[in-house]
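Containing TSV, C-alpha atoms: model_2.tsv.
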```
chain	number	residue	atom	x	y	z
Q	25	MET	CA	68.14	187.07	-129.89
Q	26	ASN	CA	64.64	186.01	-128.96
Q	27	LYS	CA	63.78	185.28	-132.58
Q	28	GLN	CA	66.81	183.05	-132.97
Q	29	ARG	CA	65.95	181.06	-129.89
Q	30	ARG	CA	62.40	180.54	-131.16
Q	31	LYS	CA	63.73	179.31	-134.50
Q	32	PHE	CA	66.18	176.96	-132.79
Q	33	LEU	CA	63.49	175.41	-130.62
Q	34	LYS	CA	61.28	174.82	-133.66
Q	35	ILE	CA	64.03	173.09	-135.59
Q	36	ALA	CA	65.02	171.03	-132.56
Q	37	GLY	CA	61.42	169.97	-131.98
Q	38	VAL	CA	60.83	168.94	-135.57
Q	39	SER	CA	64.08	167.00	-135.83
Q	40	ALA	CA	63.40	165.24	-132.52
Q	41	LEU	CA	59.97	164.17	-133.80
Q	42	ALA	CA	61.51	162.96	-137.05
Q	43	GLY	CA	64.25	161.15	-135.17
Q	44	ILE	CA	61.79	159.29	-132.96
Q	45	GLY	CA	59.15	158.79	-135.59
Q	46	ALA	CA	61.24	157.58	-138.53
Q	47	PRO	CA	62.50	154.27	-136.98
Q	48	ALA	CA	59.01	153.54	-135.73
Q	49	LEU	CA	57.62	154.07	-139.22
Q	50	ILE	CA	60.29	151.86	-140.76
Q	51	LYS	CA	59.63	149.18	-138.17
Q	52	LEU	CA	55.90	149.29	-138.71
Q	53	SER	CA	56.15	149.00	-142.48
Q	54	SER	CA	58.74	146.18	-142.37
Q	55	SER	CA	57.12	144.17	-139.58
Q	56	SER	CA	53.92	143.84	-141.56
Q	57	ALA	CA	55.94	142.21	-144.35
Q	58	VAL	CA	57.70	139.91	-141.89
Q	59	ALA	CA	54.45	139.00	-140.22
Q	60	SER	CA	52.80	137.99	-143.47
Q	61	SER	CA	55.69	135.80	-144.59
Q	62	GLY	CA	56.03	134.35	-141.08
Q	63	GLY	CA	52.37	133.47	-141.13
Q	64	GLN	CA	52.80	131.53	-144.32
Q	65	GLU	CA	55.78	129.68	-142.91
Q	66	ALA	CA	53.93	128.82	-139.74
Q	67	ALA	CA	50.97	127.55	-141.72
Q	68	ALA	CA	53.20	125.41	-143.93
Q	69	GLY	CA	55.04	124.06	-140.89
Q	70	HIS	CA	51.81	123.23	-139.18
Q	71	GLY	CA	50.49	121.47	-142.23
Q	72	ALA	CA	53.64	119.39	-142.50
Q	73	ALA	CA	53.46	118.54	-138.84
Q	74	THR	CA	49.89	117.32	-139.06
Q	75	ALA	CA	50.72	115.30	-142.13
Q	76	ALA	CA	53.68	113.74	-140.34
Q	77	ALA	CA	51.83	113.17	-137.10
Q	78	GLY	CA	50.38	109.82	-136.24
Q	79	HIS	CA	52.55	106.92	-135.27
Q	80	GLY	CA	55.80	108.82	-135.66
Q	81	ALA	CA	56.16	107.88	-139.31
Q	82	ALA	CA	57.62	110.70	-141.37
Q	83	VAL	CA	55.89	111.52	-144.62
Q	84	GLU	CA	59.11	111.67	-146.62
Q	85	ALA	CA	60.59	108.30	-147.41
Q	86	PRO	CA	62.62	107.37	-144.31
Q	87	GLN	CA	66.31	107.24	-144.94
Q	88	GLY	CA	69.05	105.27	-143.27
Q	89	VAL	CA	68.81	103.13	-140.19
Q	90	ARG	CA	66.54	104.15	-137.34
Q	91	LEU	CA	66.81	101.79	-134.42
Q	92	GLY	CA	63.77	101.30	-132.28
Q	93	MET	CA	61.98	98.76	-130.16
Q	94	VAL	CA	58.56	97.36	-129.52
Q	95	ILE	CA	57.70	96.35	-125.98
Q	96	ASP	CA	54.91	93.80	-125.81
Q	97	MET	CA	53.25	94.23	-122.44
Q	98	ARG	CA	51.16	91.07	-122.84
Q	99	LYS	CA	54.33	89.00	-122.99
Q	100	MET	CA	56.01	91.16	-120.36
Q	101	ALA	CA	53.15	90.44	-117.95
Q	102	GLU	CA	53.41	86.68	-118.52
Q	103	VAL	CA	56.90	86.57	-117.00
Q	104	PRO	CA	56.97	89.57	-114.67
Q	105	GLU	CA	60.51	88.95	-113.42
Q	106	GLN	CA	62.00	89.43	-116.88
Q	107	LEU	CA	61.70	93.19	-116.51
Q	108	ASP	CA	63.73	93.02	-113.31
Q	109	ASN	CA	66.30	90.92	-115.16
Q	110	ALA	CA	66.40	93.46	-117.96
Q	111	ILE	CA	66.92	96.33	-115.52
Q	112	ALA	CA	69.63	94.38	-113.71
Q	113	ALA	CA	71.35	93.62	-117.03
Q	114	CYS	CA	71.24	97.29	-117.94
Q	115	ILE	CA	72.68	98.32	-114.56
Q	116	SER	CA	75.58	95.90	-114.72
Q	117	ALA	CA	76.34	96.61	-118.38
Q	118	HIS	CA	76.62	100.36	-117.83
Q	119	ASN	CA	77.99	100.73	-114.30
Q	120	ILE	CA	74.83	102.46	-113.18
Q	121	PRO	CA	74.89	103.53	-109.53
Q	122	GLU	CA	72.02	102.53	-107.27
Q	123	PHE	CA	71.51	105.38	-104.85
Q	124	PRO	CA	69.43	104.55	-101.80
Q	125	ASP	CA	67.67	107.90	-101.97
Q	126	LYS	CA	64.95	107.85	-104.63
Q	127	LYS	CA	65.50	111.48	-105.56
Q	128	ASN	CA	69.08	110.73	-106.69
Q	129	GLU	CA	67.98	107.71	-108.71
Q	130	ILE	CA	69.83	107.15	-112.00
Q	131	LYS	CA	67.37	105.78	-114.52
Q	132	TRP	CA	68.26	104.23	-117.86
Q	133	LEU	CA	65.53	101.61	-117.89
Q	134	TRP	CA	63.00	101.74	-115.11
Q	135	LYS	CA	59.55	100.64	-114.05
Q	136	ALA	CA	56.53	102.90	-113.87
Q	137	PRO	CA	52.78	102.37	-113.78
Q	138	PHE	CA	50.75	102.78	-116.96
Q	139	GLU	CA	49.24	106.10	-115.90
Q	140	ASN	CA	52.70	107.59	-115.40
Q	141	VAL	CA	54.11	106.28	-118.64
Q	142	PHE	CA	51.09	107.20	-120.77
Q	143	LEU	CA	49.91	110.47	-119.30
Q	144	ASP	CA	47.76	111.28	-122.32
Q	145	HIS	CA	46.00	107.92	-122.31
Q	146	SER	CA	43.11	107.37	-119.98
Q	147	SER	CA	43.74	104.81	-117.30
Q	148	TYR	CA	40.11	104.99	-116.17
Q	149	HIS	CA	38.80	101.44	-115.84
Q	150	SER	CA	41.86	99.99	-117.49
Q	151	SER	CA	42.22	96.23	-117.57
Q	152	THR	CA	43.60	94.56	-114.47
Q	153	ARG	CA	46.68	93.44	-116.37
Q	154	VAL	CA	47.48	96.99	-117.44
Q	155	ALA	CA	46.73	98.32	-113.98
Q	156	ASN	CA	48.89	95.74	-112.22
Q	157	THR	CA	51.85	95.40	-114.58
Q	158	PRO	CA	54.71	97.87	-114.23
Q	159	PHE	CA	55.65	99.34	-117.60
Q	160	PRO	CA	59.27	99.63	-118.64
Q	161	ALA	CA	60.26	103.19	-119.49
Q	162	LEU	CA	63.46	104.29	-121.17
Q	163	CYS	CA	64.86	106.92	-123.50
Q	164	ASN	CA	62.65	106.99	-126.58
Q	165	HIS	CA	65.53	107.86	-128.93
Q	166	CYS	CA	63.23	110.36	-130.57
Q	167	ASP	CA	63.51	111.18	-134.23
Q	168	ASP	CA	63.27	114.84	-133.24
Q	169	PRO	CA	64.87	114.85	-129.79
Q	170	PRO	CA	64.23	117.99	-127.72
Q	171	CYS	CA	67.20	117.20	-125.46
Q	172	VAL	CA	69.58	117.55	-128.41
Q	173	ARG	CA	68.22	120.99	-129.17
Q	174	ALA	CA	68.57	122.04	-125.55
Q	175	CYS	CA	72.16	120.90	-125.06
Q	176	PRO	CA	74.50	123.92	-125.18
Q	177	THR	CA	77.67	121.84	-125.63
Q	178	LYS	CA	76.39	119.22	-128.08
Q	179	ALA	CA	77.16	116.60	-125.47
Q	180	THR	CA	74.00	114.85	-126.58
Q	181	PHE	CA	73.33	114.32	-130.25
Q	182	LYS	CA	71.62	112.05	-132.72
Q	183	LEU	CA	73.90	109.56	-134.40
Q	184	ALA	CA	73.30	109.86	-138.14
Q	185	LYS	CA	74.35	106.24	-138.52
Q	186	ASN	CA	71.49	104.60	-136.61
Q	187	GLY	CA	69.28	107.34	-135.18
Q	188	VAL	CA	70.33	106.65	-131.60
Q	189	VAL	CA	70.28	109.69	-129.33
Q	190	ALA	CA	73.75	109.33	-127.88
Q	191	MET	CA	75.73	111.16	-125.24
Q	192	ASP	CA	79.36	112.16	-125.01
Q	193	PHE	CA	79.88	112.31	-121.26
Q	194	HIS	CA	83.19	114.07	-121.83
Q	195	ARG	CA	81.38	117.16	-123.04
Q	196	CYS	CA	78.54	117.25	-120.52
Q	197	ILE	CA	78.81	120.29	-118.28
Q	198	GLY	CA	75.91	119.27	-116.08
Q	199	CYS	CA	73.60	122.19	-116.91
Q	200	ARG	CA	70.60	119.83	-116.93
Q	201	PHE	CA	68.85	121.69	-119.78
Q	202	CYS	CA	68.32	118.30	-121.43
Q	203	MET	CA	66.56	117.03	-118.34
Q	204	ALA	CA	64.18	119.95	-118.50
Q	205	ALA	CA	63.70	119.42	-122.22
Q	206	CYS	CA	63.07	115.66	-122.13
Q	207	PRO	CA	59.32	115.04	-121.85
Q	208	TYR	CA	59.88	111.44	-120.76
Q	209	GLY	CA	62.06	111.95	-117.70
Q	210	ALA	CA	64.61	109.67	-119.30
Q	211	ARG	CA	67.64	111.64	-118.10
Q	212	SER	CA	69.23	111.51	-114.67
Q	213	PHE	CA	71.79	113.70	-113.02
Q	214	ASN	CA	74.64	112.53	-110.81
Q	215	TRP	CA	74.24	114.69	-107.74
Q	216	GLN	CA	77.12	112.92	-106.04
Q	217	ASP	CA	80.03	110.67	-106.89
Q	218	PRO	CA	78.39	107.52	-108.30
Q	219	ARG	CA	81.34	105.18	-107.75
Q	220	PRO	CA	80.56	104.07	-104.19
Q	221	TYR	CA	77.03	103.13	-105.27
Q	222	ILE	CA	78.01	100.96	-108.23
Q	223	LYS	CA	77.65	97.38	-107.06
Q	224	LYS	CA	79.65	95.67	-109.77
Q	225	TYR	CA	81.92	97.09	-112.40
Q	226	ASN	CA	81.87	96.26	-116.07
Q	227	ALA	CA	85.53	96.83	-116.93
Q	228	ASP	CA	84.66	97.63	-120.56
Q	229	PHE	CA	82.45	100.61	-119.73
Q	230	PRO	CA	83.26	103.80	-117.83
Q	231	SER	CA	81.40	105.09	-114.83
Q	232	ARG	CA	80.28	108.69	-114.69
Q	233	MET	CA	81.39	111.46	-112.39
Q	234	MET	CA	79.50	113.88	-110.20
Q	235	GLY	CA	77.78	116.60	-112.23
Q	236	VAL	CA	77.10	114.60	-115.39
Q	237	VAL	CA	73.75	113.68	-116.91
Q	238	GLU	CA	73.24	110.15	-118.18
Q	239	LYS	CA	70.61	108.10	-119.96
Q	240	CYS	CA	69.98	104.98	-122.02
Q	241	ASN	CA	72.32	104.73	-125.03
Q	242	PHE	CA	70.50	101.81	-126.71
Q	243	CYS	CA	73.64	99.83	-125.83
Q	244	GLY	CA	75.73	101.43	-128.57
Q	245	GLU	CA	78.79	99.61	-127.27
Q	246	ARG	CA	77.05	96.25	-127.53
Q	247	LEU	CA	75.54	96.95	-130.97
Q	248	ALA	CA	79.08	97.60	-132.22
Q	249	LEU	CA	80.00	94.05	-131.24
Q	250	GLY	CA	76.96	92.68	-133.01
Q	251	GLN	CA	75.08	92.06	-129.78
Q	252	GLU	CA	71.57	93.12	-128.91
Q	253	PRO	CA	70.90	95.67	-126.18
Q	254	ALA	CA	71.23	94.20	-122.69
Q	255	CYS	CA	67.50	94.53	-121.92
Q	256	VAL	CA	66.51	92.83	-125.19
Q	257	GLU	CA	68.92	90.00	-124.46
Q	258	ALA	CA	67.56	89.63	-120.93
Q	259	CYS	CA	64.03	89.23	-122.30
Q	260	LYS	CA	65.14	86.85	-125.02
Q	261	GLY	CA	62.84	83.94	-125.74
Q	262	THR	CA	59.61	85.52	-124.57
Q	263	GLY	CA	59.53	88.11	-127.36
Q	264	ALA	CA	58.61	90.83	-124.89
Q	265	ILE	CA	61.04	93.27	-126.49
Q	266	THR	CA	61.71	93.38	-130.21
Q	267	PHE	CA	64.59	95.51	-131.39
Q	268	GLY	CA	65.67	96.55	-134.86
Q	269	ASP	CA	65.62	99.02	-137.72
Q	270	LEU	CA	62.28	100.82	-138.00
Q	271	ASN	CA	63.08	101.90	-141.55
Q	272	ASP	CA	63.72	98.40	-142.86
Q	273	PRO	CA	60.43	96.84	-144.05
Q	274	GLN	CA	61.90	93.35	-143.61
Q	275	SER	CA	63.08	93.79	-140.03
Q	276	GLU	CA	61.54	91.94	-137.12
Q	277	VAL	CA	60.30	95.14	-135.46
Q	278	ARG	CA	58.56	96.16	-138.62
Q	279	GLN	CA	56.81	92.78	-138.80
Q	280	VAL	CA	55.53	93.34	-135.27
Q	281	LEU	CA	54.56	96.95	-136.01
Q	282	ASP	CA	52.71	95.88	-139.16
Q	283	ASN	CA	50.71	93.24	-137.33
Q	284	GLU	CA	49.96	94.83	-134.00
Q	285	PHE	CA	48.35	98.00	-132.74
Q	286	THR	CA	51.02	99.93	-130.87
Q	287	ILE	CA	51.12	103.14	-128.92
Q	288	GLN	CA	53.95	105.56	-128.19
Q	289	ARG	CA	54.52	108.01	-125.38
Q	290	LYS	CA	53.33	111.61	-125.77
Q	291	THR	CA	53.09	111.59	-129.57
Q	292	ASN	CA	51.30	114.94	-129.45
Q	293	LEU	CA	54.64	116.61	-128.68
Q	294	GLY	CA	55.99	115.67	-132.09
Q	295	THR	CA	59.19	114.09	-130.82
Q	296	LYS	CA	58.49	110.91	-132.82
Q	297	PRO	CA	59.62	108.32	-130.29
Q	298	SER	CA	61.30	105.12	-131.47
Q	299	VAL	CA	59.94	103.02	-128.61
Q	300	PHE	CA	56.54	101.42	-129.17
Q	301	TYR	CA	54.29	99.61	-126.72
Q	302	ILE	CA	51.72	96.92	-127.28
Q	303	VAL	CA	49.33	97.35	-124.38
C	22	MET	CA	135.47	146.17	-98.08
C	23	TYR	CA	132.99	147.16	-95.44
C	24	ASN	CA	130.94	144.53	-93.62
C	25	LYS	CA	132.91	141.70	-95.17
C	26	GLY	CA	131.69	139.37	-92.43
C	27	THR	CA	128.03	139.62	-93.44
C	28	ILE	CA	128.28	140.23	-97.21
C	29	ILE	CA	130.35	137.16	-98.14
C	30	PRO	CA	128.30	134.59	-96.18
C	31	GLY	CA	125.17	136.38	-97.40
C	32	LEU	CA	126.28	136.12	-101.02
C	33	ALA	CA	127.15	132.48	-100.55
C	34	LEU	CA	123.74	131.82	-99.07
C	35	PHE	CA	122.11	133.72	-101.93
C	36	VAL	CA	123.93	131.70	-104.60
C	37	LEU	CA	123.07	128.50	-102.78
C	38	PHE	CA	119.41	129.53	-102.65
C	39	VAL	CA	119.19	130.58	-106.30
C	40	THR	CA	120.78	127.35	-107.54
C	41	PHE	CA	118.50	125.25	-105.32
C	42	PRO	CA	116.65	123.48	-108.20
C	43	ILE	CA	119.94	122.44	-109.81
C	44	TRP	CA	121.66	120.89	-106.82
C	45	PHE	CA	118.46	119.57	-105.28
C	46	ASN	CA	117.64	117.60	-108.42
C	47	GLY	CA	121.24	116.49	-108.72
C	48	LEU	CA	121.52	115.24	-105.18
C	49	THR	CA	118.09	113.67	-104.78
C	50	THR	CA	115.98	111.46	-107.04
C	51	ALA	CA	113.39	114.17	-107.63
C	52	GLY	CA	114.84	115.10	-111.01
C	53	ASP	CA	115.29	111.60	-112.41
C	54	LEU	CA	113.32	110.86	-115.54
C	55	PRO	CA	110.33	108.65	-114.80
C	56	LYS	CA	110.49	105.04	-115.93
C	57	PRO	CA	106.96	103.97	-116.78
C	58	GLU	CA	106.47	100.28	-116.27
C	59	LEU	CA	106.33	98.27	-119.48
C	60	PRO	CA	103.31	95.97	-119.81
C	61	PRO	CA	103.55	93.27	-117.12
C	62	GLY	CA	102.28	90.77	-119.66
C	63	GLY	CA	105.38	91.34	-121.79
C	64	GLU	CA	103.65	92.88	-124.83
C	65	LYS	CA	106.14	94.69	-127.00
C	66	GLN	CA	103.81	96.10	-129.63
C	67	CYS	CA	101.50	99.09	-129.22
C	68	VAL	CA	99.10	100.69	-131.70
C	69	GLU	CA	101.88	103.10	-132.66
C	70	SER	CA	105.60	103.41	-131.97
C	71	ALA	CA	106.69	104.21	-128.44
C	72	GLU	CA	107.98	107.64	-129.54
C	73	TYR	CA	104.67	108.48	-131.17
C	74	MET	CA	102.70	107.30	-128.16
C	75	ARG	CA	104.91	109.21	-125.75
C	76	ALA	CA	104.29	112.45	-127.62
C	77	ASN	CA	100.76	111.98	-128.96
C	78	HIS	CA	98.81	109.51	-126.83
C	79	MET	CA	96.46	112.27	-125.70
C	80	GLN	CA	95.57	113.26	-129.26
C	81	LEU	CA	95.12	109.61	-130.19
C	82	LEU	CA	92.77	109.08	-127.25
C	83	ASN	CA	90.77	112.16	-128.23
C	84	GLU	CA	90.53	110.89	-131.79
C	85	TRP	CA	89.31	107.51	-130.58
C	86	ARG	CA	86.81	109.19	-128.30
C	87	ASP	CA	85.38	111.24	-131.17
C	88	ASN	CA	85.39	108.21	-133.49
C	89	VAL	CA	83.54	106.05	-131.01
C	90	LEU	CA	81.08	108.50	-129.52
C	91	ARG	CA	80.54	111.18	-132.15
C	92	ASP	CA	80.75	109.14	-135.33
C	93	GLY	CA	79.64	105.82	-133.89
C	94	ASN	CA	82.71	104.29	-135.48
C	95	ARG	CA	83.76	101.56	-133.07
C	96	GLU	CA	85.63	99.50	-135.62
C	97	ILE	CA	88.18	97.16	-134.14
C	98	LEU	CA	91.73	98.08	-135.10
C	99	GLU	CA	94.01	95.31	-136.19
C	100	ILE	CA	97.70	96.15	-135.91
C	101	ASP	CA	100.24	93.44	-136.61
C	102	GLY	CA	97.70	90.72	-136.04
C	103	LYS	CA	96.58	92.01	-132.67
C	104	LYS	CA	93.08	93.40	-132.29
C	105	TYR	CA	92.36	96.55	-130.36
C	106	ARG	CA	88.95	97.94	-129.49
C	107	LYS	CA	89.15	101.71	-129.47
C	108	GLY	CA	89.13	102.90	-125.88
C	109	LEU	CA	91.24	103.69	-122.89
C	110	GLN	CA	89.78	100.86	-120.83
C	111	MET	CA	89.42	98.50	-123.74
C	112	ALA	CA	92.77	98.93	-125.50
C	113	CYS	CA	95.41	100.69	-123.36
C	114	MET	CA	94.56	99.06	-120.06
C	115	GLU	CA	94.54	95.58	-121.59
C	116	CYS	CA	98.34	95.64	-121.67
C	117	HIS	CA	99.27	98.48	-119.35
C	118	THR	CA	97.37	96.90	-116.53
C	119	ARG	CA	98.84	99.05	-113.79
C	120	LYS	CA	97.81	102.65	-114.26
C	121	GLU	CA	99.57	103.58	-111.01
C	122	LYS	CA	102.92	102.40	-112.37
C	123	PHE	CA	102.43	103.42	-115.98
C	124	CYS	CA	100.27	106.52	-116.48
C	125	ASP	CA	100.95	108.08	-113.12
C	126	SER	CA	104.74	107.83	-113.32
C	127	CYS	CA	104.98	110.46	-116.07
C	128	HIS	CA	101.88	112.41	-115.17
C	129	THR	CA	103.14	112.97	-111.65
C	130	TYR	CA	106.59	113.95	-112.93
C	131	ALA	CA	105.07	116.42	-115.40
C	132	ALA	CA	102.54	117.61	-112.81
C	133	VAL	CA	99.59	117.00	-115.12
C	134	THR	CA	96.29	115.69	-113.78
C	135	PRO	CA	94.25	114.38	-116.69
C	136	PHE	CA	90.66	113.70	-115.66
C	137	CYS	CA	90.35	110.40	-117.53
C	138	TRP	CA	90.04	108.50	-114.29
C	139	ASP	CA	87.16	110.52	-112.93
C	140	CYS	CA	84.99	108.26	-115.04
C	141	HIS	CA	87.17	105.59	-116.63
C	142	LEU	CA	87.98	102.65	-114.45
C	143	THR	CA	91.54	101.59	-113.79
C	144	PRO	CA	92.03	97.83	-113.89
C	145	ASN	CA	92.57	97.98	-110.13
C	146	GLU	CA	89.34	99.85	-109.54
C	147	ALA	CA	87.42	97.55	-111.88
C	148	ALA	CA	88.78	94.47	-110.15
C	149	SER	CA	87.74	95.85	-106.75
C	150	LYS	CA	84.11	95.25	-107.67
C	151	GLU	CA	84.33	92.63	-110.35
C	152	ALA	CA	81.23	91.94	-112.35
C	153	THR	CA	80.57	88.24	-112.69
C	154	HIS	CA	78.37	88.21	-115.75
```
Can I see the file as C-alpha cells?
Amino acid sequence: MNKQRRKFLKIAGVSALAGIGAPALIKLSSSSAVASSGGQEAAAGHGAATAAAGHGAAVEAPQGVRLGMVIDMRKMAEVPEQLDNAIAACISAHNIPEFPDKKNEIKWLWKAPFENVFLDHSSYHSSTRVANTPFPALCNHCDDPPCVRACPTKATFKLAKNGVVAMDFHRCIGCRFCMAACPYGARSFNWQDPRPYIKKYNADFPSRMMGVVEKCNFCGERLALGQEPACVEACKGTGAITFGDLNDPQSEVRQVLDNEFTIQRKTNLGTKPSVFYIV
Amino acid sequence: MYNKGTIIPGLALFVLFVTFPIWFNGLTTAGDLPKPELPPGGEKQCVESAEYMRANHMQLLNEWRDNVLRDGNREILEIDGKKYRKGLQMACMECHTRKEKFCDSCHTYAAVTPFCWDCHLTPNEAASKEATH
C-alpha cells in the first residue's frame, strides 16, 4: 500500500512539473522568434517614418486628390477682421451652436494664440505680429488621422476621393474616443441640445443632436457644388487662405507651398496635417 | 342554468371588451388610413413612383446618406427634367414642405418615431431662425 502511494506521488509530481514547464518552454522558444522578427519590422517601420517625416510629404508618389490649405498669417494680420468673418461664415454654413459657456464650445474653426497652436515651436521673443495675431485653428484633415483609428463605429473616416476626414453624424455614438485621439483639439462634443443656441439656420445643412461629436468637414457640401469652403470664401481677395489639391503640382496651394516656408502643427506625431501656416 | 343573471351580462360584457379594437376603430376616426398631404406647391413627380416611395423611402434615404457621406457622391439627380440634390432637407422637404402634415401623418398612425428630425431641420424649424446669407 505504502509503496503504491509513493509511486503515485512521484508520477503525479513529475507530470505536474511537465505540465507546467512544457508551455513555458514552448512560449520561451517561440517568443524569441517573434521578438526577432518584430524587431526587424519595427526598425523598418521607423526607417520609413523618418524618411516620410518632414513637411508631411509621403515618400511614395502621392496618389489621388488630397485637399489642404495654406493660411498666410502675414495677410491674415493685415485685415484682422477677416478671421472673424471666416468664423461667422463657418458658423452660419454649418448650423454651429454658440454656447455661452466656454467649456461647451463647439469649434470647427476657431482662434487661438500662436503658443497654443504651435506647442512645439518656441514662442520666446516671437515677433509682435505673431504674438498679437490670433491664429486660426481647425481640423487638419490629417493624411494619417488618429481620430479615424480611434472611432469604434467608423463614424469618422477619410474620404478616399479627396482625403477629407469626414464624419457621418448618423453613426456617432458619442464615445468621444476621437476627441481623446485628436492632438489638435479639433473635435467638440454636444453636451446639450444645440438647437436653442443656433442663431440662424442654414436650411440645407442639418444641426446635430445632444451626444454627438462634430468638427470641420472642409465644407464637403460646398465643394460638391463647386464652391470653396466658407472660410476661404470669406477671406477671398486678401489671399490669406489658399485651398486646393496638395497632390496637384499645378494647383494654387502647391504654388504657395513651393514658394514659401510653411509650418504645420505637431508634425512630430506623424499625422501629416493638410493645413499649413505661413508665420 | 344557474346564475343566469350574472353569466349572461358578464358574457356580453366580455365579448364587448374583446372586440373593443374592432368597434372602436369602426365608430371613431382612429382607424382611418392616414392621408398624407400632397406637396402644397402642386408637384406631381417624385424621384420614384408613389408606391415605391411609400414602401421604400427609408431605404432610399439610407442609400442617399451613404452615397453622400460615405462615398462623397453628392451628384445631383435629374429625374424628368427636375433636379434633386440628395438629402432629406435638400430634396424631400423642397416639395413636401410641411413635415407635420406629410411625414407625421403616417408615422403617427404606424407608431414609428424615426429620429431624422433630431438633427435634420423641418422647413418650419428652419424658417423659425432663417439665415439671411
Sel. within 7 Å of pt (61.8, 90.5, -131.6), counting only C-alpha atoms, output as a PyMOL selection string: chain Q and resi 263+265-267+276-277
Which centre and edge lengths in Å to one decimal define the box along x, y and z that fits every listed atom of region 122-133 of chain C plus 3 Å per side, as JSON?
```
{"center_x": 103.1, "center_y": 110.0, "center_z": -114.1, "size_x": 13.0, "size_y": 21.2, "size_z": 10.8}
```
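A straight line drawn from CA of Phe181 (chain Q) to CA of Met93 (chain Q) is 19.3 Å long.
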Separation of CA of Arg86 (chain C) from CA of Ala174 (chain Q) in Å: 22.5 Å
Chain C contacts on chain Q, all atoms listed in the file, 7 Å, as an mmCIF file with C-alpha atoms, keeping the file's coordinate frame:
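Saved file result28.cif follows:
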```
data_model
loop_
_atom_site.group_PDB
_atom_site.id
_atom_site.type_symbol
_atom_site.label_atom_id
_atom_site.label_comp_id
_atom_site.auth_asym_id
_atom_site.auth_seq_id
_atom_site.Cartn_x
_atom_site.Cartn_y
_atom_site.Cartn_z
ATOM 1 C CA LEU Q 183 73.900 109.560 -134.400
ATOM 2 C CA ASP Q 192 79.360 112.160 -125.010
ATOM 3 C CA LYS Q 223 77.650 97.380 -107.060
ATOM 4 C CA LYS Q 224 79.650 95.670 -109.770
ATOM 5 C CA TYR Q 225 81.920 97.090 -112.400
ATOM 6 C CA ASN Q 226 81.870 96.260 -116.070
ATOM 7 C CA ALA Q 227 85.530 96.830 -116.930
ATOM 8 C CA ASP Q 228 84.660 97.630 -120.560
ATOM 9 C CA PRO Q 230 83.260 103.800 -117.830
ATOM 10 C CA SER Q 231 81.400 105.090 -114.830
ATOM 11 C CA ARG Q 232 80.280 108.690 -114.690
ATOM 12 C CA MET Q 233 81.390 111.460 -112.390
ATOM 13 C CA ALA Q 248 79.080 97.600 -132.220
#
```
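What separates CA of Thr286 (chain Q) from CA of Pro137 (chain Q) is a distance of 17.4 Å.
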I'd like the neighbourhood of Ala136 (chain Q) as a PDB file with C-alpha atoms, keeping the file's coordinate frame, where a residue qualifies if any of its atoms comes within 9 Å (using only C-alpha atoms), though same-chain residues fewer than 6 positions away should be ignored.
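The resulting result.pdb:
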```pdb
ATOM      1  CA  THR Q 157      51.850  95.400-114.580  1.00  0.00           C
ATOM      2  CA  PRO Q 158      54.710  97.870-114.230  1.00  0.00           C
ATOM      3  CA  PHE Q 159      55.650  99.340-117.600  1.00  0.00           C
ATOM      4  CA  PRO Q 160      59.270  99.630-118.640  1.00  0.00           C
ATOM      5  CA  ALA Q 161      60.260 103.190-119.490  1.00  0.00           C
TER       6      ALA Q 161
END
```
What's the 9 Å shell around Trp132 (chain Q), counting only C-alpha atoms, without same-chain residues fewer than 5 positions away, as a PyMOL selection string? chain Q and resi 111+114-115+120+161-163+210-212+238-241
Neighbouring residues of region 56-61 of chain C were defined as those with any atom within 12 Å, considering only C-alpha atoms; residues of the same chain fewer than 5 positions away were excluded. Please report them as number ranges by chain. C: 66-67, 71, 75, 113-130
I'd like the neighbourhood of Pro169 (chain Q) as a ChimeraX atom specification, where a residue qualifies if any of its atoms comes within 12 Å (using only C-alpha atoms), though same-chain residues fewer than 5 positions away should be ignored. /Q:163-164,174-175,180-183,187-190,202-203,205-208,210,293-298
So that I have them on file, write out the residues from the current selection with C-alpha atoms, as an mmCIF file, in the frame of the given file.
```cif
data_model
loop_
_atom_site.group_PDB
_atom_site.id
_atom_site.type_symbol
_atom_site.label_atom_id
_atom_site.label_comp_id
_atom_site.auth_asym_id
_atom_site.auth_seq_id
_atom_site.Cartn_x
_atom_site.Cartn_y
_atom_site.Cartn_z
ATOM 1 C CA CYS Q 163 64.860 106.920 -123.500
ATOM 2 C CA ASN Q 164 62.650 106.990 -126.580
ATOM 3 C CA ALA Q 174 68.570 122.040 -125.550
ATOM 4 C CA CYS Q 175 72.160 120.900 -125.060
ATOM 5 C CA THR Q 180 74.000 114.850 -126.580
ATOM 6 C CA PHE Q 181 73.330 114.320 -130.250
ATOM 7 C CA LYS Q 182 71.620 112.050 -132.720
ATOM 8 C CA LEU Q 183 73.900 109.560 -134.400
ATOM 9 C CA GLY Q 187 69.280 107.340 -135.180
ATOM 10 C CA VAL Q 188 70.330 106.650 -131.600
ATOM 11 C CA VAL Q 189 70.280 109.690 -129.330
ATOM 12 C CA ALA Q 190 73.750 109.330 -127.880
ATOM 13 C CA CYS Q 202 68.320 118.300 -121.430
ATOM 14 C CA MET Q 203 66.560 117.030 -118.340
ATOM 15 C CA ALA Q 205 63.700 119.420 -122.220
ATOM 16 C CA CYS Q 206 63.070 115.660 -122.130
ATOM 17 C CA PRO Q 207 59.320 115.040 -121.850
ATOM 18 C CA TYR Q 208 59.880 111.440 -120.760
ATOM 19 C CA ALA Q 210 64.610 109.670 -119.300
ATOM 20 C CA LEU Q 293 54.640 116.610 -128.680
ATOM 21 C CA GLY Q 294 55.990 115.670 -132.090
ATOM 22 C CA THR Q 295 59.190 114.090 -130.820
ATOM 23 C CA LYS Q 296 58.490 110.910 -132.820
ATOM 24 C CA PRO Q 297 59.620 108.320 -130.290
ATOM 25 C CA SER Q 298 61.300 105.120 -131.470
#
```
